[in-house]
>>> print(open('start-v7.cif').read())   # mmCIF, C-alpha atoms
data_upload
#
loop_
_atom_site.label_atom_id
_atom_site.label_comp_id
_atom_site.auth_asym_id
_atom_site.auth_seq_id
_atom_site.Cartn_x
_atom_site.Cartn_y
_atom_site.Cartn_z
CA MET W 1 9.13 -14.58 -56.22
CA ALA W 2 6.66 -16.61 -54.16
CA TYR W 3 3.74 -16.17 -56.58
CA SER W 4 3.23 -19.36 -58.55
CA GLY W 5 -0.19 -19.13 -60.23
CA ARG W 6 -0.91 -19.05 -63.97
CA MET W 7 -3.15 -16.00 -64.02
CA TYR W 8 -0.53 -14.34 -66.21
CA LEU W 9 -2.06 -16.13 -69.22
CA ALA W 10 -4.95 -13.66 -69.53
CA HIS W 11 -2.53 -10.79 -68.90
CA PHE W 12 -0.61 -11.68 -72.07
CA GLY W 13 -3.64 -12.85 -74.08
CA LEU W 14 -2.69 -16.53 -73.93
CA ALA W 15 -4.96 -19.55 -74.02
CA GLU W 16 -2.38 -21.84 -72.43
CA ALA W 17 1.17 -21.81 -71.08
CA PRO W 18 3.57 -21.29 -74.00
CA PHE W 19 6.72 -22.58 -72.35
CA ALA W 20 5.71 -25.78 -70.60
CA ILE W 21 8.53 -28.33 -70.61
CA THR W 22 6.23 -31.26 -71.44
CA PRO W 23 6.86 -32.55 -75.00
CA ASP W 24 3.58 -31.38 -76.59
CA PRO W 25 3.92 -32.04 -80.37
CA ARG W 26 1.85 -28.94 -81.14
CA PHE W 27 4.68 -26.76 -79.87
CA VAL W 28 7.49 -28.50 -81.75
CA PHE W 29 9.81 -26.02 -83.44
CA LEU W 30 12.29 -27.43 -85.92
CA SER W 31 15.28 -25.22 -86.56
CA GLU W 32 17.48 -25.99 -89.55
CA ARG W 33 19.73 -28.01 -87.24
CA HIS W 34 16.78 -30.03 -85.95
CA ARG W 35 15.61 -30.69 -89.51
CA ASP W 36 19.10 -31.89 -90.43
CA ALA W 37 19.19 -34.17 -87.39
CA LEU W 38 15.75 -35.55 -88.22
CA ALA W 39 16.83 -36.19 -91.80
CA HIS W 40 19.90 -38.11 -90.57
CA LEU W 41 17.73 -40.25 -88.31
CA MET W 42 15.15 -40.98 -91.00
CA TYR W 43 17.88 -41.79 -93.53
CA GLY W 44 19.64 -44.12 -91.14
CA ILE W 45 16.43 -45.91 -90.19
CA GLY W 46 14.96 -45.96 -93.68
CA GLN W 47 16.18 -47.55 -96.85
CA GLY W 48 19.39 -45.51 -96.73
CA GLY W 49 20.48 -47.34 -93.61
CA SER W 50 22.45 -50.51 -94.20
CA GLY W 51 22.02 -51.78 -90.67
CA GLY W 52 24.32 -51.10 -87.78
CA PHE W 53 24.14 -47.88 -85.79
CA VAL W 54 22.81 -44.35 -86.16
CA GLN W 55 24.11 -41.93 -83.51
CA LEU W 56 22.48 -38.67 -82.42
CA THR W 57 24.12 -36.66 -79.66
CA GLY W 58 23.46 -33.28 -78.09
CA GLU W 59 23.52 -31.39 -74.82
CA VAL W 60 20.77 -31.93 -72.26
CA GLY W 61 17.58 -30.16 -73.35
CA THR W 62 18.52 -29.60 -77.01
CA GLY W 63 15.62 -31.69 -78.31
CA LYS W 64 16.88 -35.26 -78.83
CA THR W 65 13.85 -36.86 -77.21
CA THR W 66 11.51 -34.60 -79.18
CA LEU W 67 13.20 -35.71 -82.39
CA SER W 68 12.90 -39.36 -81.42
CA ARG W 69 9.16 -38.87 -80.92
CA LEU W 70 8.88 -37.27 -84.35
CA VAL W 71 10.76 -40.20 -85.83
CA LEU W 72 8.33 -42.65 -84.23
CA GLU W 73 5.38 -40.71 -85.66
CA GLN W 74 6.84 -40.71 -89.18
CA LEU W 75 7.96 -44.32 -89.45
CA PRO W 76 6.09 -46.40 -92.04
CA GLU W 77 3.87 -49.27 -90.94
CA ASN W 78 6.41 -51.92 -91.93
CA VAL W 79 8.88 -50.72 -89.26
CA HIS W 80 8.71 -52.27 -85.79
CA VAL W 81 10.43 -50.33 -83.01
CA ALA W 82 11.85 -51.29 -79.61
CA LEU W 83 12.32 -48.13 -77.52
CA VAL W 84 14.54 -48.49 -74.45
CA LEU W 85 14.35 -45.51 -72.11
CA ASN W 86 16.23 -46.98 -69.14
CA PRO W 87 19.82 -47.79 -70.14
CA LYS W 88 21.02 -48.75 -66.65
CA GLN W 89 20.48 -52.47 -67.01
CA THR W 90 22.58 -55.58 -67.18
CA PRO W 91 23.09 -57.11 -70.64
CA LEU W 92 20.59 -59.84 -69.74
CA GLU W 93 17.98 -57.30 -68.60
CA LEU W 94 18.57 -55.23 -71.73
CA LEU W 95 17.91 -58.22 -73.98
CA GLU W 96 14.76 -58.97 -72.03
CA THR W 97 13.57 -55.38 -72.38
CA ILE W 98 14.17 -55.47 -76.14
CA CYS W 99 12.15 -58.66 -76.44
CA GLU W 100 9.34 -57.16 -74.36
CA GLU W 101 9.27 -54.01 -76.52
CA LEU W 102 9.00 -56.14 -79.67
CA HIS W 103 6.38 -58.41 -78.04
CA VAL W 104 8.64 -61.41 -78.45
CA GLU W 105 7.62 -64.20 -76.11
CA LEU W 106 10.42 -65.97 -74.28
CA PRO W 107 9.99 -69.71 -73.71
CA GLY W 108 9.50 -70.86 -70.13
CA LYS W 109 11.16 -69.04 -67.26
CA ARG W 110 14.70 -69.57 -68.41
CA ARG W 111 16.38 -66.21 -69.02
CA SER W 112 19.88 -67.01 -70.29
CA MET W 113 21.68 -64.80 -72.79
CA LYS W 114 21.74 -67.58 -75.37
CA VAL W 115 18.01 -68.24 -75.12
CA GLN W 116 17.14 -64.58 -75.55
CA VAL W 117 19.54 -64.01 -78.44
CA ASP W 118 18.24 -67.16 -80.19
CA VAL W 119 14.61 -66.08 -79.78
CA LEU W 120 15.40 -62.56 -80.94
CA SER W 121 17.32 -63.87 -83.94
CA HIS W 122 14.36 -66.07 -84.92
CA TYR W 123 12.01 -63.07 -84.63
CA LEU W 124 14.27 -60.87 -86.77
CA LEU W 125 14.55 -63.52 -89.49
CA GLN W 126 10.79 -63.94 -89.50
CA ALA W 127 10.28 -60.16 -89.69
CA TYR W 128 12.74 -59.96 -92.59
CA GLY W 129 10.85 -62.70 -94.42
CA GLU W 130 7.64 -60.69 -94.02
CA GLY W 131 9.23 -57.52 -95.41
CA LEU W 132 9.44 -55.78 -92.03
CA ARG W 133 12.26 -53.63 -90.66
CA VAL W 134 13.15 -53.74 -86.98
CA VAL W 135 14.67 -50.73 -85.20
CA LEU W 136 16.09 -50.50 -81.67
CA ILE W 137 16.21 -46.99 -80.18
CA LEU W 138 18.36 -46.58 -77.05
CA ASP W 139 17.78 -43.28 -75.24
CA GLU W 140 20.38 -41.85 -72.83
CA ALA W 141 22.85 -44.25 -74.43
CA GLN W 142 25.81 -42.59 -72.70
CA GLU W 143 24.63 -44.41 -69.55
CA LEU W 144 24.99 -47.85 -71.13
CA SER W 145 27.69 -49.98 -69.54
CA ARG W 146 30.52 -51.20 -71.71
CA GLU W 147 29.10 -54.72 -71.40
CA CYS W 148 25.69 -53.55 -72.67
CA LEU W 149 27.27 -51.66 -75.56
CA GLU W 150 29.17 -54.79 -76.51
CA GLN W 151 26.00 -56.86 -76.35
CA VAL W 152 24.20 -54.33 -78.53
CA ARG W 153 27.08 -54.45 -81.01
CA LEU W 154 26.84 -58.21 -81.18
CA LEU W 155 23.17 -57.88 -82.11
CA THR W 156 24.26 -56.23 -85.36
CA ASN W 157 25.91 -59.53 -86.30
CA LEU W 158 22.40 -60.89 -86.89
CA GLU W 159 22.15 -60.66 -90.66
CA THR W 160 21.30 -62.36 -93.92
CA ALA W 161 23.69 -62.62 -96.86
CA SER W 162 22.60 -59.19 -98.07
CA GLN W 163 21.21 -57.22 -95.13
CA LYS W 164 21.53 -56.76 -91.38
CA LEU W 165 18.37 -57.60 -89.51
CA LEU W 166 18.47 -54.88 -86.86
CA GLN W 167 18.96 -51.11 -87.13
CA ILE W 168 20.11 -49.48 -83.88
CA VAL W 169 19.72 -45.80 -82.97
CA LEU W 170 21.84 -44.38 -80.14
CA LEU W 171 20.56 -41.16 -78.56
CA GLY W 172 22.79 -39.57 -75.98
CA GLN W 173 24.62 -36.65 -74.46
CA PRO W 174 28.06 -35.53 -75.76
CA GLU W 175 29.72 -38.15 -73.55
CA LEU W 176 28.41 -40.77 -76.00
CA ARG W 177 30.65 -39.36 -78.73
CA GLU W 178 33.62 -39.70 -76.41
CA MET W 179 32.65 -43.26 -75.51
CA THR W 180 32.30 -44.44 -79.11
CA SER W 181 35.57 -42.78 -80.13
CA ARG W 182 37.68 -44.76 -77.66
CA PRO W 183 40.05 -47.32 -79.17
CA SER W 184 38.32 -50.06 -77.19
CA MET W 185 35.05 -49.19 -78.94
CA ARG W 186 36.45 -49.15 -82.49
CA GLN W 187 34.48 -52.23 -83.53
CA LEU W 188 31.25 -50.45 -82.62
CA ALA W 189 32.39 -47.10 -84.08
CA GLN W 190 33.07 -48.71 -87.46
CA ARG W 191 29.43 -49.78 -87.61
CA ILE W 192 28.00 -46.29 -87.11
CA THR W 193 26.61 -45.38 -90.54
CA ALA W 194 25.24 -41.92 -89.64
CA ARG W 195 26.30 -39.44 -86.97
CA TYR W 196 24.83 -36.07 -86.02
CA HIS W 197 25.56 -33.74 -83.10
CA LEU W 198 22.64 -31.45 -82.30
CA MET W 199 23.87 -27.97 -81.43
CA PRO W 200 21.89 -25.41 -79.34
CA LEU W 201 19.84 -22.75 -81.11
CA ASP W 202 21.56 -19.64 -82.39
CA LEU W 203 20.12 -16.18 -81.66
CA PRO W 204 17.79 -15.94 -84.72
CA ASP W 205 16.47 -19.44 -84.02
CA THR W 206 15.99 -18.55 -80.36
CA ASP W 207 13.85 -15.59 -81.37
CA ALA W 208 11.87 -17.73 -83.82
CA TYR W 209 11.47 -20.47 -81.19
CA LEU W 210 10.04 -18.09 -78.59
CA ARG W 211 7.69 -16.47 -81.11
CA HIS W 212 6.51 -19.85 -82.39
CA ARG W 213 5.59 -21.16 -78.96
CA PHE W 214 3.96 -17.88 -77.93
CA MET W 215 1.80 -17.91 -81.08
CA ILE W 216 0.79 -21.58 -80.67
CA ALA W 217 -0.33 -20.76 -77.11
CA GLY W 218 -2.73 -18.16 -78.49
CA GLY W 219 -0.65 -15.02 -78.11
CA SER W 220 -0.83 -12.27 -80.72
CA VAL W 221 1.49 -9.56 -79.36
CA PHE W 222 4.98 -10.96 -78.70
CA PRO W 223 6.00 -9.43 -75.33
CA PHE W 224 9.77 -10.00 -75.28
CA GLU W 225 11.88 -7.00 -76.20
CA PRO W 226 14.93 -7.64 -78.44
CA ALA W 227 17.28 -7.13 -75.49
CA ALA W 228 15.26 -9.65 -73.49
CA VAL W 229 15.51 -12.23 -76.27
CA ARG W 230 19.27 -11.71 -76.44
CA ARG W 231 19.55 -12.13 -72.69
CA LEU W 232 17.39 -15.26 -72.74
CA HIS W 233 19.58 -16.69 -75.47
CA THR W 234 22.78 -16.00 -73.54
CA LEU W 235 21.50 -17.27 -70.20
CA ALA W 236 20.00 -20.43 -71.70
CA GLY W 237 22.91 -21.04 -74.03
CA GLY W 238 20.40 -21.63 -76.82
CA VAL W 239 19.07 -24.77 -75.07
CA PRO W 240 15.30 -25.06 -75.70
CA ARG W 241 14.49 -26.58 -72.32
CA LEU W 242 16.20 -23.73 -70.48
CA LEU W 243 14.52 -21.21 -72.76
CA ASN W 244 11.18 -22.67 -71.68
CA VAL W 245 12.03 -22.45 -67.99
CA LEU W 246 13.31 -18.88 -68.22
CA GLY W 247 10.58 -17.72 -70.60
CA GLU W 248 7.84 -19.05 -68.32
CA ARG W 249 9.34 -17.36 -65.27
CA ALA W 250 9.89 -14.07 -67.11
CA LEU W 251 6.23 -13.93 -68.16
CA LEU W 252 5.19 -14.57 -64.58
CA ALA W 253 7.49 -11.76 -63.41
CA GLY W 254 5.97 -9.43 -66.00
CA TYR W 255 2.47 -10.21 -64.76
CA VAL W 256 3.39 -9.72 -61.10
CA HIS W 257 4.92 -6.30 -61.90
CA GLY W 258 2.01 -5.34 -64.15
CA LYS W 259 4.13 -5.02 -67.30
CA ALA W 260 2.96 -5.85 -70.80
CA ARG W 261 6.54 -5.96 -72.12
CA ILE W 262 9.34 -8.21 -70.92
CA ASP W 263 12.70 -6.44 -70.76
CA ALA W 264 16.18 -7.75 -70.01
CA ALA W 265 15.85 -6.84 -66.32
CA LEU W 266 12.84 -9.13 -65.91
CA VAL W 267 14.76 -11.91 -67.64
CA GLU W 268 17.64 -11.41 -65.20
CA GLN W 269 15.19 -11.59 -62.30
CA ALA W 270 13.75 -14.82 -63.68
CA ALA W 271 17.22 -16.30 -64.11
CA ALA W 272 18.16 -15.44 -60.53
CA GLU W 273 15.17 -17.45 -59.34
CA VAL W 274 15.38 -20.56 -61.52
CA LEU W 275 19.04 -20.96 -62.46
CA ALA W 276 21.52 -22.19 -59.90
CA PRO W 277 24.50 -19.82 -59.54
CA GLU W 278 26.86 -22.52 -60.82
CA SER W 279 24.67 -23.05 -63.90
CA SER W 280 24.77 -19.36 -64.72
CA ARG W 281 28.54 -19.27 -64.36
CA ARG W 282 28.94 -22.43 -66.45
CA ILE W 283 26.84 -21.01 -69.28
CA ARG W 284 28.68 -17.69 -69.08
CA TRP W 285 32.11 -19.36 -69.26
CA ARG W 286 30.98 -21.57 -72.12
CA TRP W 287 30.05 -18.50 -74.13
CA ILE W 288 33.36 -16.86 -73.23
CA ALA W 289 35.21 -19.98 -74.40
CA VAL W 290 33.26 -20.04 -77.67
CA SER W 291 33.96 -16.32 -78.22
CA VAL W 292 37.67 -16.71 -77.52
CA ALA W 293 37.88 -19.70 -79.87
CA SER W 294 36.09 -17.76 -82.61
CA LEU W 295 38.41 -14.78 -82.18
CA ALA W 296 41.42 -17.10 -82.33
CA VAL W 297 40.22 -18.57 -85.62
CA LEU W 298 39.61 -15.10 -87.07
CA ALA W 299 43.04 -13.91 -85.91
CA ALA W 300 44.77 -16.94 -87.41
CA ASP W 301 42.90 -16.42 -90.68
CA TRP W 302 43.92 -12.75 -90.79
CA LEU W 303 47.56 -13.57 -90.04
CA TRP W 304 47.57 -16.24 -92.75
CA HIS W 305 46.18 -13.94 -95.41
CA SER W 306 48.43 -11.08 -94.33
CA GLY W 307 51.51 -13.26 -94.92
CA ALA W 308 52.53 -13.47 -91.29
CA PHE W 309 52.85 -17.25 -91.59
#
>>> encode(input="start-v7.cif", output="structure tokens")
Amino acid sequence: MAYSGRMYLAHFGLAEAPFAITPDPRFVFLSERHRDALAHLMYGIGQGGSGGFVQLTGEVGTGKTTLSRLVLEQLPENVHVALVLNPKQTPLELLETICEELHVELPGKRRSMKVQVDVLSHYLLQAYGEGLRVVLILDEAQELSRECLEQVRLLTNLETASQKLLQIVLLGQPELREMTSRPSMRQLAQRITARYHLMPLDLPDTDAYLRHRFMIAGGSVFPFEPAAVRRLHTLAGGVPRLLNVLGERALLAGYVHGKARIDAALVEQAAAEVLAPESSRRIRWRWIAVSVASLAVLAADWLWHSGAF
């Protein structure tokens, strides 16, 4: 479909695009899983956290960055945050970035590891004395090198007799769980005080998500038929970012064809235009794998209760 305008908004009674992929806080939809993840983050960062690490993982597009933004908005005034968005740095560069985020001035032009750790340690002790909490949030943490992860772990050694001086939040894709579960990372893993893996939306949450965003954008008559919602859910795998991409394209297709209702065929057309063939196959096989695994569990449960084992 070559048409790329946004004149479809008036066609569906919308004031703005409902499925933009920019992280507009007005459109935030918190499923039960997102609320659980947010609670884990807030607990780990707040008084429930005893220092060390909080780990949040999830597939690309499931909402980790959105949750981190919500966390930043909800933190009390006595919490100072260093947010690192680019993990592909050397340990020395990472320390420098942390100091810059916390507005810690480094003396002179000397940039050795020892100088930066000493300055950071002095800052953390001073913050502790003033009743402040300091939090380091590392986004895309699965991209951190082993050397950077080790340096970050060593930062948790900065402590008083009763409390660690730095709380660290690791946000990352599922690979981060694999990294921190390796035997070589056991020292770091033992310091993770809260873990949460953010799963994609299920079908009811997908429906609620689409309706929520459509309503926030000014729509009053939800245009997606039940079969279209089911198809969107399957094609996107319940991933919010993919739901946005497919939902936007499906509305555009509906406008171009002069339809007020979006059916499954229009969703398929949208998917053919925006999803790479390999992505569609990968999502399809993932759902097949999940279905087979679920059937296997049910079969094993039936055999157990029937006395076959």
>>> resolve_selection(input="start-v7.cif", expression="the PyMOL selection byres ((chain W and resi 107) around 12)", output="MDAnalysis selection string")
chainID W and resid 96 99 104:106 108:112 115:116 118:120
>>> closest_residue(input="start-v7.cif", among="W:Ala194, W:Ala260, W:Leu9, W:Ile98", to="Val117 (chain W)", atoms="all atoms listed in the file")
W:Ile98
>>> resolve_selection(input="start-v7.cif", expression="the PyMOL selection byres ((chain W and resi 52-68) around 7)", output="MDAnalysis selection string")
chainID W and resid 23 38 41 44 50:51 69:72 156 167:174 176 191:200 239:241
>>> resolve_selection(input="start-v7.cif", expression="the PyMOL selection byres ((chain W and resi 125-140) around 8)", output="ChimeraX atom specification")
/W:45,65,78-87,98,121-124,141-144,165-173
>>> atom_distance(input="start-v7.cif", atom1="CA of Leu30 (chain W)", atom2="CA of Ala270 (chain W)")
25.6 Å
>>> decode(input="start-v7.cif", residues="region 139-154 of chain W", atoms="N, CA and C atoms", output="mmCIF file, in the first residue's frame")
data_model
loop_
_atom_site.group_PDB
_atom_site.id
_atom_site.type_symbol
_atom_site.label_atom_id
_atom_site.label_comp_id
_atom_site.auth_asym_id
_atom_site.auth_seq_id
_atom_site.Cartn_x
_atom_site.Cartn_y
_atom_site.Cartn_z
ATOM 1 N N ASP W 139 19.873 0.441 31.036
ATOM 2 C CA ASP W 139 18.962 -0.077 30.016
ATOM 3 C C ASP W 139 19.747 -0.921 29.016
ATOM 4 N N GLU W 140 19.047 -1.865 28.374
ATOM 5 C CA GLU W 140 19.677 -2.783 27.415
ATOM 6 C C GLU W 140 20.899 -3.454 28.040
ATOM 7 N N ALA W 141 20.724 -3.895 29.281
ATOM 8 C CA ALA W 141 21.857 -4.419 30.045
ATOM 9 C C ALA W 141 22.427 -5.703 29.461
ATOM 10 N N GLN W 142 21.679 -6.381 28.591
ATOM 11 C CA GLN W 142 22.219 -7.603 27.982
ATOM 12 C C GLN W 142 23.403 -7.293 27.064
ATOM 13 N N GLU W 143 23.566 -6.001 26.707
ATOM 14 C CA GLU W 143 24.673 -5.598 25.839
ATOM 15 C C GLU W 143 25.928 -5.234 26.624
ATOM 16 N N LEU W 144 25.829 -5.228 27.953
ATOM 17 C CA LEU W 144 27.007 -4.909 28.759
ATOM 18 C C LEU W 144 28.069 -5.999 28.595
ATOM 19 N N SER W 145 29.309 -5.592 28.484
ATOM 20 C CA SER W 145 30.390 -6.575 28.430
ATOM 21 C C SER W 145 30.553 -7.209 29.800
ATOM 22 N N ARG W 146 31.224 -8.349 29.817
ATOM 23 C CA ARG W 146 31.475 -9.012 31.102
ATOM 24 C C ARG W 146 32.293 -8.113 32.025
ATOM 25 N N GLU W 147 33.230 -7.354 31.437
ATOM 26 C CA GLU W 147 34.060 -6.455 32.230
ATOM 27 C C GLU W 147 33.226 -5.345 32.863
ATOM 28 N N CYS W 148 32.242 -4.825 32.090
ATOM 29 C CA CYS W 148 31.371 -3.777 32.638
ATOM 30 C C CYS W 148 30.462 -4.330 33.726
ATOM 31 N N LEU W 149 29.950 -5.539 33.514
ATOM 32 C CA LEU W 149 29.110 -6.154 34.545
ATOM 33 C C LEU W 149 29.896 -6.362 35.832
ATOM 34 N N GLU W 150 31.148 -6.754 35.692
ATOM 35 C CA GLU W 150 31.979 -6.956 36.871
ATOM 36 C C GLU W 150 32.243 -5.628 37.574
ATOM 37 N N GLN W 151 32.475 -4.576 36.787
ATOM 38 C CA GLN W 151 32.696 -3.265 37.389
ATOM 39 C C GLN W 151 31.446 -2.780 38.120
ATOM 40 N N VAL W 152 30.285 -3.020 37.510
ATOM 41 C CA VAL W 152 29.027 -2.637 38.150
ATOM 42 C C VAL W 152 28.834 -3.423 39.444
ATOM 43 N N ARG W 153 29.178 -4.702 39.417
ATOM 44 C CA ARG W 153 29.063 -5.514 40.635
ATOM 45 C C ARG W 153 29.949 -4.967 41.741
ATOM 46 N N LEU W 154 31.141 -4.558 41.376
ATOM 47 C CA LEU W 154 32.067 -4.031 42.376
ATOM 48 C C LEU W 154 31.534 -2.752 43.006
#
